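Novice: Just data-v3.pdb, nothing more (PDB, C-alpha atoms and all ligand atoms):
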```pdb
ATOM      1  CA  MET A   1      87.626 -15.523 196.266
ATOM      2  CA  SER A   2      90.827 -17.011 197.501
ATOM      3  CA  ARG A   3      90.851 -18.542 200.917
ATOM      4  CA  THR A   4      93.743 -18.834 203.316
ATOM      5  CA  LEU A   5      95.165 -22.295 203.680
ATOM      6  CA  ASP A   6      97.265 -23.592 206.493
ATOM      7  CA  ARG A   7     100.809 -24.703 205.783
ATOM      8  CA  THR A   8     100.177 -28.428 205.711
ATOM      9  CA  ASP A   9      97.395 -27.966 203.211
ATOM     10  CA  ARG A  10      99.567 -26.023 200.758
ATOM     11  CA  SER A  11     102.467 -28.459 201.050
ATOM     12  CA  ALA A  12     100.214 -31.495 200.809
ATOM     13  CA  ARG A  13      98.476 -30.131 197.697
ATOM     14  CA  LEU A  14     101.785 -29.275 196.059
ATOM     15  CA  GLN A  15     103.189 -32.728 196.796
ATOM     16  CA  ALA A  16     100.069 -34.495 195.494
ATOM     17  CA  ALA A  17      99.950 -32.446 192.257
ATOM     18  CA  TRP A  18     103.686 -32.950 191.646
ATOM     19  CA  ASP A  19     103.374 -36.702 192.189
ATOM     20  CA  ALA A  20     100.438 -36.940 189.760
ATOM     21  CA  ALA A  21     102.112 -34.785 187.076
ATOM     22  CA  TRP A  22     105.802 -35.755 187.271
ATOM     23  CA  ASN A  23     105.478 -39.398 188.349
ATOM     24  CA  HIS A  24     102.250 -40.441 186.624
ATOM     25  CA  GLY A  25     101.952 -37.989 183.712
ATOM     26  CA  VAL A  26      98.590 -36.617 184.933
ATOM     27  CA  VAL A  27      99.515 -33.041 184.101
ATOM     28  CA  ASP A  28      95.930 -31.781 184.480
ATOM     29  CA  ALA A  29      96.356 -32.373 188.213
ATOM     30  CA  LEU A  30      98.306 -29.097 188.112
ATOM     31  CA  ASN A  31      95.176 -27.139 187.097
ATOM     32  CA  ASP A  32      94.010 -27.001 190.722
ATOM     33  CA  LEU A  33      97.421 -26.050 192.087
ATOM     34  CA  LEU A  34      98.632 -23.513 189.514
ATOM     35  CA  SER A  35      96.697 -20.320 188.887
ATOM     36  CA  PRO A  36      95.644 -19.660 185.236
ATOM     37  CA  ALA A  37      98.076 -16.687 185.349
ATOM     38  CA  TYR A  38     100.890 -18.944 186.596
ATOM     39  CA  LEU A  39     104.422 -18.171 185.366
ATOM     40  CA  ARG A  40     107.422 -20.435 185.800
ATOM     41  CA  ARG A  41     110.880 -18.882 185.562
ATOM     42  CA  ARG A  42     113.821 -21.130 184.801
ATOM     43  CA  GLY A  43     117.557 -20.655 185.004
ATOM     44  CA  PRO A  44     119.649 -17.534 185.438
ATOM     45  CA  ALA A  45     118.004 -15.908 182.388
ATOM     46  CA  GLY A  46     114.561 -16.408 183.945
ATOM     47  CA  THR A  47     113.136 -18.034 180.788
ATOM     48  CA  GLU A  48     109.355 -17.959 181.238
ATOM     49  CA  GLN A  49     106.789 -20.704 180.816
ATOM     50  CA  ASP A  50     103.040 -20.333 181.315
ATOM     51  CA  ARG A  51     100.902 -23.112 182.768
ATOM     52  CA  ALA A  52     100.124 -24.770 179.421
ATOM     53  CA  GLU A  53     103.800 -24.675 178.375
ATOM     54  CA  PHE A  54     104.886 -26.109 181.719
ATOM     55  CA  LYS A  55     102.391 -28.964 181.432
ATOM     56  CA  ALA A  56     103.529 -29.652 177.840
ATOM     57  CA  SER A  57     107.171 -29.674 178.977
ATOM     58  CA  ILE A  58     106.418 -32.268 181.691
ATOM     59  CA  SER A  59     104.715 -34.463 179.066
ATOM     60  CA  ALA A  60     107.744 -34.060 176.755
ATOM     61  CA  VAL A  61     110.154 -35.005 179.564
ATOM     62  CA  ARG A  62     108.027 -38.047 180.405
ATOM     63  CA  GLU A  63     108.028 -39.127 176.741
ATOM     64  CA  ALA A  64     111.831 -39.089 176.795
ATOM     65  CA  PHE A  65     112.005 -40.636 180.303
ATOM     66  CA  PRO A  66     108.825 -42.757 180.698
ATOM     67  CA  ASP A  67     109.912 -44.201 184.084
ATOM     68  CA  LEU A  68     110.669 -40.717 185.471
ATOM     69  CA  ARG A  69     110.578 -40.448 189.280
ATOM     70  CA  THR A  70     110.743 -37.074 190.986
ATOM     71  CA  GLU A  71     111.275 -37.234 194.742
ATOM     72  CA  ILE A  72     110.768 -34.238 196.985
ATOM     73  CA  GLU A  73     113.772 -34.378 199.292
ATOM     74  CA  ASP A  74     113.004 -31.312 201.345
ATOM     75  CA  LEU A  75     110.159 -28.859 201.620
ATOM     76  CA  ALA A  76     109.927 -25.641 203.612
ATOM     77  CA  GLU A  77     107.282 -22.958 203.940
ATOM     78  CA  ASP A  78     107.688 -19.301 204.788
ATOM     79  CA  GLY A  79     104.686 -17.006 204.512
ATOM     80  CA  ASP A  80     103.264 -17.348 201.008
ATOM     81  CA  ARG A  81     106.396 -19.171 199.762
ATOM     82  CA  VAL A  82     107.089 -22.879 199.518
ATOM     83  CA  ALA A  83     110.601 -24.088 198.738
ATOM     84  CA  VAL A  84     111.136 -27.580 197.378
ATOM     85  CA  ARG A  85     114.437 -29.402 196.914
ATOM     86  CA  TRP A  86     113.888 -32.216 194.434
ATOM     87  CA  HIS A  87     115.703 -35.023 192.666
ATOM     88  CA  SER A  88     114.579 -36.654 189.410
ATOM     89  CA  THR A  89     115.773 -39.830 187.799
ATOM     90  CA  GLY A  90     114.684 -41.702 184.684
ATOM     91  CA  ARG A  91     115.930 -43.832 181.805
ATOM     92  CA  HIS A  92     116.525 -41.909 178.588
ATOM     93  CA  THR A  93     114.523 -43.877 175.992
ATOM     94  CA  GLY A  94     113.139 -41.026 173.845
ATOM     95  CA  THR A  95     114.709 -37.993 172.135
ATOM     96  CA  PHE A  96     115.455 -35.202 174.612
ATOM     97  CA  LEU A  97     117.036 -31.800 173.868
ATOM     98  CA  GLY A  98     117.742 -33.177 170.391
ATOM     99  CA  VAL A  99     119.714 -36.098 171.886
ATOM    100  CA  PRO A 100     118.521 -39.476 170.577
ATOM    101  CA  PRO A 101     117.807 -42.194 173.195
ATOM    102  CA  THR A 102     120.973 -43.311 174.998
ATOM    103  CA  GLY A 103     119.443 -45.816 177.430
ATOM    104  CA  ARG A 104     121.305 -44.010 180.227
ATOM    105  CA  THR A 105     119.793 -43.432 183.612
ATOM    106  CA  VAL A 106     119.771 -39.676 184.017
ATOM    107  CA  GLU A 107     119.709 -37.777 187.307
ATOM    108  CA  VAL A 108     118.940 -34.118 187.933
ATOM    109  CA  SER A 109     118.695 -32.218 191.205
ATOM    110  CA  GLY A 110     117.137 -28.833 191.650
ATOM    111  CA  ALA A 111     115.089 -26.472 193.736
ATOM    112  CA  THR A 112     111.751 -24.792 193.101
ATOM    113  CA  PHE A 113     110.472 -21.743 194.934
ATOM    114  CA  ALA A 114     106.701 -21.342 194.650
ATOM    115  CA  ARG A 115     104.701 -18.238 195.590
ATOM    116  CA  PHE A 116     101.089 -18.851 196.573
ATOM    117  CA  ASP A 117      98.346 -16.309 196.212
ATOM    118  CA  GLY A 118      95.598 -17.776 198.364
ATOM    119  CA  ASP A 119      95.224 -21.417 197.383
ATOM    120  CA  THR A 120      97.021 -21.333 194.034
ATOM    121  CA  VAL A 121     100.627 -20.894 192.944
ATOM    122  CA  THR A 122     101.075 -17.802 190.784
ATOM    123  CA  GLU A 123     104.846 -17.888 190.313
ATOM    124  CA  GLU A 124     107.651 -20.411 190.491
ATOM    125  CA  TRP A 125     111.416 -20.001 190.198
ATOM    126  CA  VAL A 126     113.243 -23.156 189.231
ATOM    127  CA  THR A 127     116.925 -23.792 189.365
ATOM    128  CA  PHE A 128     118.629 -27.087 188.594
ATOM    129  CA  ASP A 129     122.074 -28.475 187.940
ATOM    130  CA  SER A 130     122.157 -28.423 184.132
ATOM    131  CA  ARG A 131     125.746 -29.717 184.132
ATOM    132  CA  GLN A 132     124.620 -32.829 186.020
ATOM    133  CA  LEU A 133     121.880 -33.325 183.387
ATOM    134  CA  LEU A 134     124.312 -32.915 180.468
ATOM    135  CA  GLU A 135     126.844 -35.232 182.119
ATOM    136  CA  SER A 136     124.340 -37.984 182.768
ATOM    137  CA  LEU A 137     123.133 -37.694 179.147
ATOM    138  CA  GLY A 138     126.778 -38.152 178.112
ATOM    139  CA  ILE A 139     126.852 -34.753 176.334
ATOM    140  CA  ILE A 140     129.781 -33.621 178.474
ATOM    141  CA  THR A 141     132.303 -35.891 180.174
ATOM    142  CA  THR A 142     134.804 -35.050 182.865
ATOM    143  CA  GLY A 143     136.878 -38.256 182.832
ATOM    144  CA  HIS A 144     140.642 -38.000 182.245
ATOM    145  CA  ALA A 145     142.129 -40.041 179.405
ATOM    146  CA  ALA A 146     145.400 -41.906 179.918
ATOM    147  CA  ALA A 147     148.576 -39.851 179.392
ATOM    148  CA  ILE A 148     149.536 -39.635 175.718
ATOM    149  CA  ASP A 149     152.738 -38.497 174.007
ATOM    150  CA  PRO A 150     152.166 -34.849 172.954
ATOM    151  CA  ASP A 151     154.567 -35.244 170.004
ATOM    152  CA  GLN A 152     152.372 -38.008 168.621
ATOM    153  CA  VAL A 153     149.340 -35.765 168.972
ATOM    154  CA  ARG A 154     151.117 -32.845 167.257
ATOM    155  CA  GLY A 155     152.256 -35.217 164.485
ATOM    156  CA  VAL A 156     148.670 -36.269 163.902
ATOM    157  CA  HIS A 157     147.471 -32.661 163.717
ATOM    158  CA  ARG A 158     150.194 -31.836 161.190
ATOM    159  CA  LYS A 159     148.605 -34.392 158.827
ATOM    160  CA  PHE A 160     145.378 -32.442 158.763
ATOM    161  CA  ILE A 161     145.254 -29.878 155.964
ATOM    162  CA  THR A 162     143.455 -26.640 156.722
ATOM    163  CA  GLY A 163     143.023 -23.127 155.459
ATOM    164  CA  VAL A 164     144.224 -20.149 157.449
ATOM    165  CA  THR A 165     141.823 -17.651 158.946
ATOM    166  CA  VAL A 166     142.325 -14.375 160.736
ATOM    167  CA  VAL A 167     139.974 -14.131 163.707
ATOM    168  CA  THR A 168     139.382 -10.539 164.733
ATOM    169  CA  THR A 169     137.361  -8.407 167.039
ATOM    170  CA  ASP A 170     136.806  -4.765 167.870
ATOM    171  CA  ASP A 171     138.122  -4.261 171.404
ATOM    172  CA  ASN A 172     136.407  -0.984 172.300
ATOM    173  CA  GLY A 173     137.807   0.746 169.232
ATOM    174  CA  THR A 174     141.093  -1.191 168.988
ATOM    175  CA  PRO A 175     141.258  -3.905 166.309
ATOM    176  CA  LYS A 176     142.600  -7.230 167.619
ATOM    177  CA  GLY A 177     143.256 -10.484 165.794
ATOM    178  CA  LEU A 178     145.285 -13.643 165.345
ATOM    179  CA  ALA A 179     145.867 -16.385 162.784
ATOM    180  CA  VAL A 180     143.638 -19.410 163.428
ATOM    181  CA  ASN A 181     143.354 -22.697 161.585
ATOM    182  CA  ALA A 182     141.108 -24.272 164.234
ATOM    183  CA  PHE A 183     137.969 -23.072 162.440
ATOM    184  CA  SER A 184     135.004 -25.201 161.524
ATOM    185  CA  SER A 185     131.436 -25.023 160.387
ATOM    186  CA  ILE A 186     129.114 -26.531 163.031
ATOM    187  CA  SER A 187     125.645 -26.170 161.548
ATOM    188  CA  LEU A 188     124.060 -24.755 158.393
ATOM    189  CA  ASP A 189     120.596 -24.241 159.857
ATOM    190  CA  PRO A 190     121.085 -22.108 161.821
ATOM    191  CA  PRO A 191     124.511 -21.191 160.399
ATOM    192  CA  MET A 192     126.947 -21.756 163.283
ATOM    193  CA  VAL A 193     130.743 -21.915 163.287
ATOM    194  CA  LEU A 194     133.501 -22.339 165.846
ATOM    195  CA  VAL A 195     137.055 -21.168 166.372
ATOM    196  CA  CYS A 196     139.505 -22.358 169.045
ATOM    197  CA  VAL A 197     141.774 -19.723 170.558
ATOM    198  CA  GLN A 198     144.580 -20.374 173.023
ATOM    199  CA  ARG A 199     144.114 -18.711 176.381
ATOM    200  CA  SER A 200     147.661 -17.310 176.182
ATOM    201  CA  SER A 201     146.778 -15.280 173.064
ATOM    202  CA  SER A 202     146.719 -11.506 173.548
ATOM    203  CA  THR A 203     143.488 -11.467 171.492
ATOM    204  CA  HIS A 204     141.786 -13.927 173.862
ATOM    205  CA  PRO A 205     140.648 -11.432 176.541
ATOM    206  CA  ALA A 206     139.156  -9.169 173.847
ATOM    207  CA  LEU A 207     137.165 -12.130 172.461
ATOM    208  CA  HIS A 208     135.694 -12.574 175.939
ATOM    209  CA  ARG A 209     134.727  -8.897 176.106
ATOM    210  CA  SER A 210     133.207  -8.741 172.602
ATOM    211  CA  THR A 211     129.815  -9.820 171.363
ATOM    212  CA  HIS A 212     130.995 -10.345 167.762
ATOM    213  CA  LEU A 213     134.033 -11.608 165.899
ATOM    214  CA  GLY A 214     135.176 -11.578 162.300
ATOM    215  CA  ILE A 215     136.670 -14.486 160.378
ATOM    216  CA  SER A 216     138.609 -13.857 157.171
ATOM    217  CA  ILE A 217     139.745 -16.905 155.200
ATOM    218  CA  LEU A 218     143.053 -15.807 153.736
ATOM    219  CA  ALA A 219     143.761 -15.960 150.013
ATOM    220  CA  ALA A 220     146.772 -17.780 148.518
ATOM    221  CA  ASP A 221     148.600 -14.446 147.998
ATOM    222  CA  GLN A 222     148.194 -13.400 151.672
ATOM    223  CA  LEU A 223     151.066 -15.332 153.240
ATOM    224  CA  ASP A 224     152.445 -12.072 154.639
ATOM    225  CA  VAL A 225     149.070 -11.412 156.312
ATOM    226  CA  ALA A 226     149.141 -14.914 157.852
ATOM    227  CA  LYS A 227     152.639 -14.254 159.213
ATOM    228  CA  THR A 228     151.609 -10.902 160.668
ATOM    229  CA  PHE A 229     148.634 -12.391 162.494
ATOM    230  CA  ALA A 230     150.638 -15.414 163.664
ATOM    231  CA  SER A 231     153.050 -12.947 165.293
ATOM    232  CA  LYS A 232     152.912 -11.082 168.583
ATOM    233  CA  ASN A 233     153.247  -7.656 166.891
ATOM    234  CA  GLU A 234     151.740  -4.869 168.955
ATOM    235  CA  ASN A 235     149.861  -3.362 166.027
ATOM    236  CA  LYS A 236     149.176  -6.088 163.508
ATOM    237  CA  PHE A 237     146.708  -3.921 161.628
ATOM    238  CA  ALA A 238     149.123  -1.064 160.840
ATOM    239  CA  ASP A 239     150.064  -2.273 157.342
ATOM    240  CA  ILE A 240     146.957  -4.331 156.645
ATOM    241  CA  SER A 241     144.007  -3.149 154.588
ATOM    242  CA  TRP A 242     140.771  -4.031 156.377
ATOM    243  CA  THR A 243     137.138  -3.004 156.591
ATOM    244  CA  PRO A 244     135.045  -3.042 159.762
ATOM    245  CA  GLY A 245     132.042  -5.377 159.726
ATOM    246  CA  THR A 246     128.603  -4.296 160.935
ATOM    247  CA  HIS A 247     129.653  -4.821 164.566
ATOM    248  CA  GLY A 248     133.135  -3.428 164.133
ATOM    249  CA  ALA A 249     135.141  -6.663 163.804
ATOM    250  CA  PRO A 250     137.851  -6.082 161.167
ATOM    251  CA  LEU A 251     137.485  -8.068 157.934
ATOM    252  CA  ILE A 252     140.711  -8.448 155.987
ATOM    253  CA  ASP A 253     140.546  -6.931 152.483
ATOM    254  CA  GLY A 254     141.601  -9.267 149.679
ATOM    255  CA  SER A 255     140.751 -12.419 151.674
ATOM    256  CA  SER A 256     139.021 -15.251 149.906
ATOM    257  CA  ALA A 257     135.973 -15.367 152.218
ATOM    258  CA  GLN A 258     134.668 -13.447 155.211
ATOM    259  CA  LEU A 259     132.189 -14.130 157.982
ATOM    260  CA  GLU A 260     130.784 -11.967 160.718
ATOM    261  CA  VAL A 261     129.736 -13.957 163.753
ATOM    262  CA  GLU A 262     127.737 -13.173 166.879
ATOM    263  CA  ILE A 263     129.435 -15.095 169.683
ATOM    264  CA  ALA A 264     127.069 -17.678 171.204
ATOM    265  CA  GLU A 265     129.147 -19.750 173.642
ATOM    266  CA  ARG A 266     132.606 -19.690 175.125
ATOM    267  CA  LEU A 267     133.673 -23.176 176.194
ATOM    268  CA  GLU A 268     136.846 -23.438 178.224
ATOM    269  CA  VAL A 269     138.596 -26.618 177.060
ATOM    270  CA  GLY A 270     142.144 -27.297 178.208
ATOM    271  CA  SER A 271     144.566 -24.690 176.862
ATOM    272  CA  HIS A 272     141.980 -23.176 174.507
ATOM    273  CA  THR A 273     138.569 -21.538 174.472
ATOM    274  CA  VAL A 274     136.098 -22.720 171.867
ATOM    275  CA  PHE A 275     134.063 -19.762 170.642
ATOM    276  CA  THR A 276     130.878 -20.814 168.904
ATOM    277  CA  GLY A 277     128.734 -18.283 167.099
ATOM    278  CA  ARG A 278     125.914 -17.507 164.735
ATOM    279  CA  VAL A 279     126.915 -16.266 161.297
ATOM    280  CA  THR A 280     125.414 -12.813 160.721
ATOM    281  CA  SER A 281     126.997 -12.116 157.326
ATOM    282  CA  ALA A 282     128.955 -14.143 154.791
ATOM    283  CA  ARG A 283     130.737 -13.396 151.544
ATOM    284  CA  HIS A 284     133.249 -15.180 149.342
ATOM    285  CA  ASP A 285     134.806 -14.700 145.934
ATOM    286  CA  GLU A 286     136.918 -16.519 143.357
ATOM    287  CA  ARG A 287     140.285 -15.986 145.099
ATOM    288  CA  ALA A 288     142.019 -19.320 145.837
ATOM    289  CA  PRO A 289     142.478 -19.908 149.589
ATOM    290  CA  LEU A 290     145.822 -20.183 151.345
ATOM    291  CA  VAL A 291     146.509 -23.755 152.492
ATOM    292  CA  TYR A 292     148.363 -24.825 155.662
ATOM    293  CA  SER A 293     149.762 -28.322 155.987
ATOM    294  CA  GLY A 294     152.501 -29.888 158.076
ATOM    295  CA  GLY A 295     153.764 -26.482 159.210
ATOM    296  CA  GLY A 296     154.029 -25.069 155.651
ATOM    297  CA  PHE A 297     151.859 -22.891 153.429
ATOM    298  CA  PHE A 298     150.676 -23.875 149.947
ATOM    299  CA  ASP A 299     148.871 -22.376 146.973
ATOM    300  CA  ILE A 300     146.021 -24.736 146.184
ATOM    301  CA  SER A 301     145.764 -23.484 142.611
ATOM    302  CA  GLN A 302     149.163 -25.201 142.011
ATOM    303  CA  THR A 303     147.840 -28.636 143.033
ATOM    304  CA  ALA A 304     146.337 -31.240 140.716
ATOM    305  CA  PRO A 305     142.696 -32.128 141.355
ATOM    306  CA  LEU A 306     142.094 -35.879 141.708
ATOM    307  CA  PRO A 307     139.334 -37.536 139.681
ATOM    308  CA  TRP A 308     136.399 -38.294 141.959
TER
HETATM  309  C1  LIG A 401     148.753 -21.411 160.384
HETATM  310  C2  LIG A 401     148.549 -21.031 161.812
HETATM  311  C3  LIG A 401     147.418 -21.445 162.481
HETATM  312  C4  LIG A 401     147.200 -21.092 163.816
HETATM  313  N1  LIG A 401     146.042 -21.510 164.422
HETATM  314  C5  LIG A 401     145.786 -21.134 165.676
HETATM  315  C6  LIG A 401     144.573 -21.508 166.275
HETATM  316  O1  LIG A 401     143.742 -22.200 165.698
HETATM  317  N2  LIG A 401     144.330 -21.062 167.535
HETATM  318  C7  LIG A 401     145.240 -20.308 168.219
HETATM  319  O2  LIG A 401     144.944 -19.939 169.359
HETATM  320  N3  LIG A 401     146.406 -19.951 167.687
HETATM  321  C8  LIG A 401     146.704 -20.338 166.421
HETATM  322  N4  LIG A 401     147.875 -19.981 165.837
HETATM  323  C9  LIG A 401     148.859 -19.262 166.616
HETATM  324  C10 LIG A 401     148.546 -17.773 166.800
HETATM  325  O3  LIG A 401     148.201 -17.172 165.568
HETATM  326  C11 LIG A 401     149.768 -17.082 167.391
HETATM  327  O4  LIG A 401     150.059 -17.663 168.640
HETATM  328  C12 LIG A 401     149.637 -15.589 167.529
HETATM  329  O5  LIG A 401     150.915 -15.045 167.850
HETATM  330  C13 LIG A 401     148.675 -15.161 168.614
HETATM  331  O6  LIG A 401     148.634 -13.771 168.615
HETATM  332  P1  LIG A 401     148.086 -12.909 169.822
HETATM  333  O7  LIG A 401     148.718 -13.434 171.076
HETATM  334  O8  LIG A 401     148.470 -11.495 169.502
HETATM  335  O9  LIG A 401     146.593 -13.090 169.829
HETATM  336  C14 LIG A 401     148.155 -20.319 164.508
HETATM  337  C15 LIG A 401     149.316 -19.918 163.846
HETATM  338  C16 LIG A 401     149.507 -20.272 162.518
HETATM  339  C17 LIG A 401     150.759 -19.846 161.809
END
```
Could you quickly redo this structure as structure tokens?
Specialist:
Amino acid sequence: MSRTLDRTDRSARLQAAWDAAWNHGVVDALNDLLSPAYLRRRGPAGTEQDRAEFKASISAVREAFPDLRTEIEDLAEDGDRVAVRWHSTGRHTGTFLGVPPTGRTVEVSGATFARFDGDTVTEEWVTFDSRQLLESLGIITTGHAAAIDPDQVRGVHRKFITGVTVVTTDDNGTPKGLAVNAFSSISLDPPMVLVCVQRSSSTHPALHRSTHLGISILAADQLDVAKTFASKNENKFADISWTPGTHGAPLIDGSSAQLEVEIAERLEVGSHTVFTGRVTSARHDERAPLVYSGGGFFDISQTAPLPW
């Protein structure tokens, strides 16, 4: 039987259990506060954690930040709800979110909304400033570097030899695409890649609307295809032979390799957007790739391999 508690009792119990769990690692102190059916929802996606998972996550955070301090900065009650504004700080001395120890002092602020049923919390909604967390871990930085000569930067990029890809998508039935050499593998497990597309590109809005994109690595005999997709032609696909991938993104026939990618993140960085994505299909054949270097195109099969 649940009993009705007065406000001070609920707040005092919540504060005591939080202090024990977050500041002293006594996560079992939450057993009295959180109902066995407790669910914690985090972030805009409402990712769910049950009581055991929540307790394990506090222990994991405390392993990465052993001197963690969580202060309750504000607390308000309304009916069966308790709202808490909190601030946590701790030194990063253990691996966290895959980031090895940095020794940085990390700060995170957030708010938790708890719903009591009698004397236990059955549900919590948690929201926190994940950007502040990533910044204090040094994963993202917002500082501005000193001004640098853009010609020098361009000159450096011209020294980097790349292939040429055509990045495509199906824009509600209309094929869209552009030539891209800013392509890279990010991870093999899971297989993740990235492409950087200028915001001024006419393909850019379609890549924001789509869930998938195609990447065709052009073959040495596809210079004309590279030129077409580096152009602003209204219908670049008119004279190109292509095949739609599983999710509709055009894959260029005769290219040396092809990937289909489910877009994972869109990171706005300066003039470009970095599209990261999970590879959903991959194929390649013996065709030599087209090479781009210093503003010119080359056939790699005409170059001499160096002994290595
Ligand atoms: C070899 C080569 C590589 C290119 N790489 C990129 C790139 O990585 N990202 C990009 O946004 N544009 C790149 N471009 C430029 C675009 O292909 C070009 O601006 C194109 O006209 C854009 O077409 P759209 O506006 O129809 O999308 C490259 C062009 C060439 C010739």
Novice: Would you mind reading off the distance between atom CA of Ser187 of chain A and atom O3 of ligand LIG 401 (chain A), one decimal, in Å?
Specialist: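 Taking atom CA of Ser187 of chain A as the start and atom O3 of ligand LIG 401 (chain A) as the end point, the length is 24.6 Å.
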Novice: Please determine, counting all atoms listed in the file, which residue among A:Arg278, A:His212, A:Arg104, A:Lys176 has the shortest atom-to-atom distance to Thr246 of chain A.
Specialist: A:His212
Novice: Please evaluate the PyMOL selection byres (((chain A and resi 70-79) around 10) and not hetatm) against the structure above and give the resulting residues as a VMD selection string.
Specialist: chain A and resid 7 to 8 10 to 11 15 18 to 19 21 to 23 67 to 69 80 to 90 107 to 116
Novice: How many Å separate atom P1 of ligand LIG 401 (chain A) from atom CA of Ser200 of chain A?
Specialist: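 Rounded to one decimal, the two atoms are 7.7 Å apart.
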Novice: Hey, can I get the axis-aligned box for ligand LIG 401 (chain A)? All listed atoms, 5 Å padding on each side, centre and edge lengths in Å to one decimal, as AutoDock Vina command-line options.
Specialist:
```
--center_x 147.3 --center_y -16.8 --center_z 165.7 --size_x 17.2 --size_y 20.7 --size_z 20.7
```
Novice: Run the PyMOL selection byres (((chain A and resi 29) around 9) and not hetatm) on the file and write out the hits as a ChimeraX atom specification.
Specialist: /A:16-18,20-21,26-28,30-33
Novice: Please save C-alpha atoms of the selected residues as an mmCIF file, in the frame of the given file.
Specialist:
```cif
data_model
loop_
_atom_site.group_PDB
_atom_site.id
_atom_site.type_symbol
_atom_site.label_atom_id
_atom_site.label_comp_id
_atom_site.auth_asym_id
_atom_site.auth_seq_id
_atom_site.Cartn_x
_atom_site.Cartn_y
_atom_site.Cartn_z
ATOM 1 C CA ALA A 16 100.069 -34.495 195.494
ATOM 2 C CA ALA A 17 99.950 -32.446 192.257
ATOM 3 C CA TRP A 18 103.686 -32.950 191.646
ATOM 4 C CA ALA A 20 100.438 -36.940 189.760
ATOM 5 C CA ALA A 21 102.112 -34.785 187.076
ATOM 6 C CA VAL A 26 98.590 -36.617 184.933
ATOM 7 C CA VAL A 27 99.515 -33.041 184.101
ATOM 8 C CA ASP A 28 95.930 -31.781 184.480
ATOM 9 C CA LEU A 30 98.306 -29.097 188.112
ATOM 10 C CA ASN A 31 95.176 -27.139 187.097
ATOM 11 C CA ASP A 32 94.010 -27.001 190.722
ATOM 12 C CA LEU A 33 97.421 -26.050 192.087
#
```
Novice: Mind dumping a table of every chain A residue within 8 Å of ligand LIG 401 (chain A), with the nearest atom pair and its distance in Å to one decimal, using all atoms listed in the file, sorted by chain and rising number, as JSON lines?
Specialist:
```
{"residue": "A:Gly163", "atom": "CA", "partner": "A:LIG401", "partner_atom": "C1", "distance": 7.7}
{"residue": "A:Val164", "atom": "CA", "partner": "A:LIG401", "partner_atom": "C1", "distance": 5.5}
{"residue": "A:Thr165", "atom": "CA", "partner": "A:LIG401", "partner_atom": "C3", "distance": 7.6}
{"residue": "A:Lys176", "atom": "CA", "partner": "A:LIG401", "partner_atom": "O9", "distance": 7.4}
{"residue": "A:Gly177", "atom": "CA", "partner": "A:LIG401", "partner_atom": "O9", "distance": 5.8}
{"residue": "A:Leu178", "atom": "CA", "partner": "A:LIG401", "partner_atom": "O3", "distance": 4.6}
{"residue": "A:Ala179", "atom": "CA", "partner": "A:LIG401", "partner_atom": "O3", "distance": 3.7}
{"residue": "A:Val180", "atom": "CA", "partner": "A:LIG401", "partner_atom": "N1", "distance": 3.3}
{"residue": "A:Asn181", "atom": "CA", "partner": "A:LIG401", "partner_atom": "N1", "distance": 4.1}
{"residue": "A:Ala182", "atom": "CA", "partner": "A:LIG401", "partner_atom": "O1", "distance": 3.7}
{"residue": "A:Phe183", "atom": "CA", "partner": "A:LIG401", "partner_atom": "O1", "distance": 6.7}
{"residue": "A:Val195", "atom": "CA", "partner": "A:LIG401", "partner_atom": "O1", "distance": 6.8}
{"residue": "A:Cys196", "atom": "CA", "partner": "A:LIG401", "partner_atom": "N2", "distance": 5.2}
{"residue": "A:Val197", "atom": "CA", "partner": "A:LIG401", "partner_atom": "O2", "distance": 3.4}
{"residue": "A:Gln198", "atom": "CA", "partner": "A:LIG401", "partner_atom": "O2", "distance": 3.7}
{"residue": "A:Arg199", "atom": "CA", "partner": "A:LIG401", "partner_atom": "O2", "distance": 7.2}
{"residue": "A:Ser200", "atom": "CA", "partner": "A:LIG401", "partner_atom": "O7", "distance": 6.5}
{"residue": "A:Ser201", "atom": "CA", "partner": "A:LIG401", "partner_atom": "O7", "distance": 3.3}
{"residue": "A:Ser202", "atom": "CA", "partner": "A:LIG401", "partner_atom": "O7", "distance": 3.7}
{"residue": "A:Thr203", "atom": "CA", "partner": "A:LIG401", "partner_atom": "O9", "distance": 3.9}
{"residue": "A:His204", "atom": "CA", "partner": "A:LIG401", "partner_atom": "O9", "distance": 6.3}
{"residue": "A:Ala226", "atom": "CA", "partner": "A:LIG401", "partner_atom": "C17", "distance": 6.5}
{"residue": "A:Lys227", "atom": "CA", "partner": "A:LIG401", "partner_atom": "C17", "distance": 6.4}
{"residue": "A:Phe229", "atom": "CA", "partner": "A:LIG401", "partner_atom": "O3", "distance": 5.7}
{"residue": "A:Ala230", "atom": "CA", "partner": "A:LIG401", "partner_atom": "O3", "distance": 3.6}
{"residue": "A:Ser231", "atom": "CA", "partner": "A:LIG401", "partner_atom": "O5", "distance": 3.9}
{"residue": "A:Lys232", "atom": "CA", "partner": "A:LIG401", "partner_atom": "O5", "distance": 4.5}
{"residue": "A:Asn233", "atom": "CA", "partner": "A:LIG401", "partner_atom": "O8", "distance": 6.7}
{"residue": "A:Glu234", "atom": "CA", "partner": "A:LIG401", "partner_atom": "O8", "distance": 7.4}
{"residue": "A:His272", "atom": "CA", "partner": "A:LIG401", "partner_atom": "O2", "distance": 6.8}
{"residue": "A:Tyr292", "atom": "CA", "partner": "A:LIG401", "partner_atom": "C1", "distance": 5.8}
{"residue": "A:Gly295", "atom": "CA", "partner": "A:LIG401", "partner_atom": "C1", "distance": 7.2}
{"residue": "A:Gly296", "atom": "CA", "partner": "A:LIG401", "partner_atom": "C1", "distance": 8.0}
{"residue": "A:Phe297", "atom": "CA", "partner": "A:LIG401", "partner_atom": "C1", "distance": 7.8}
```
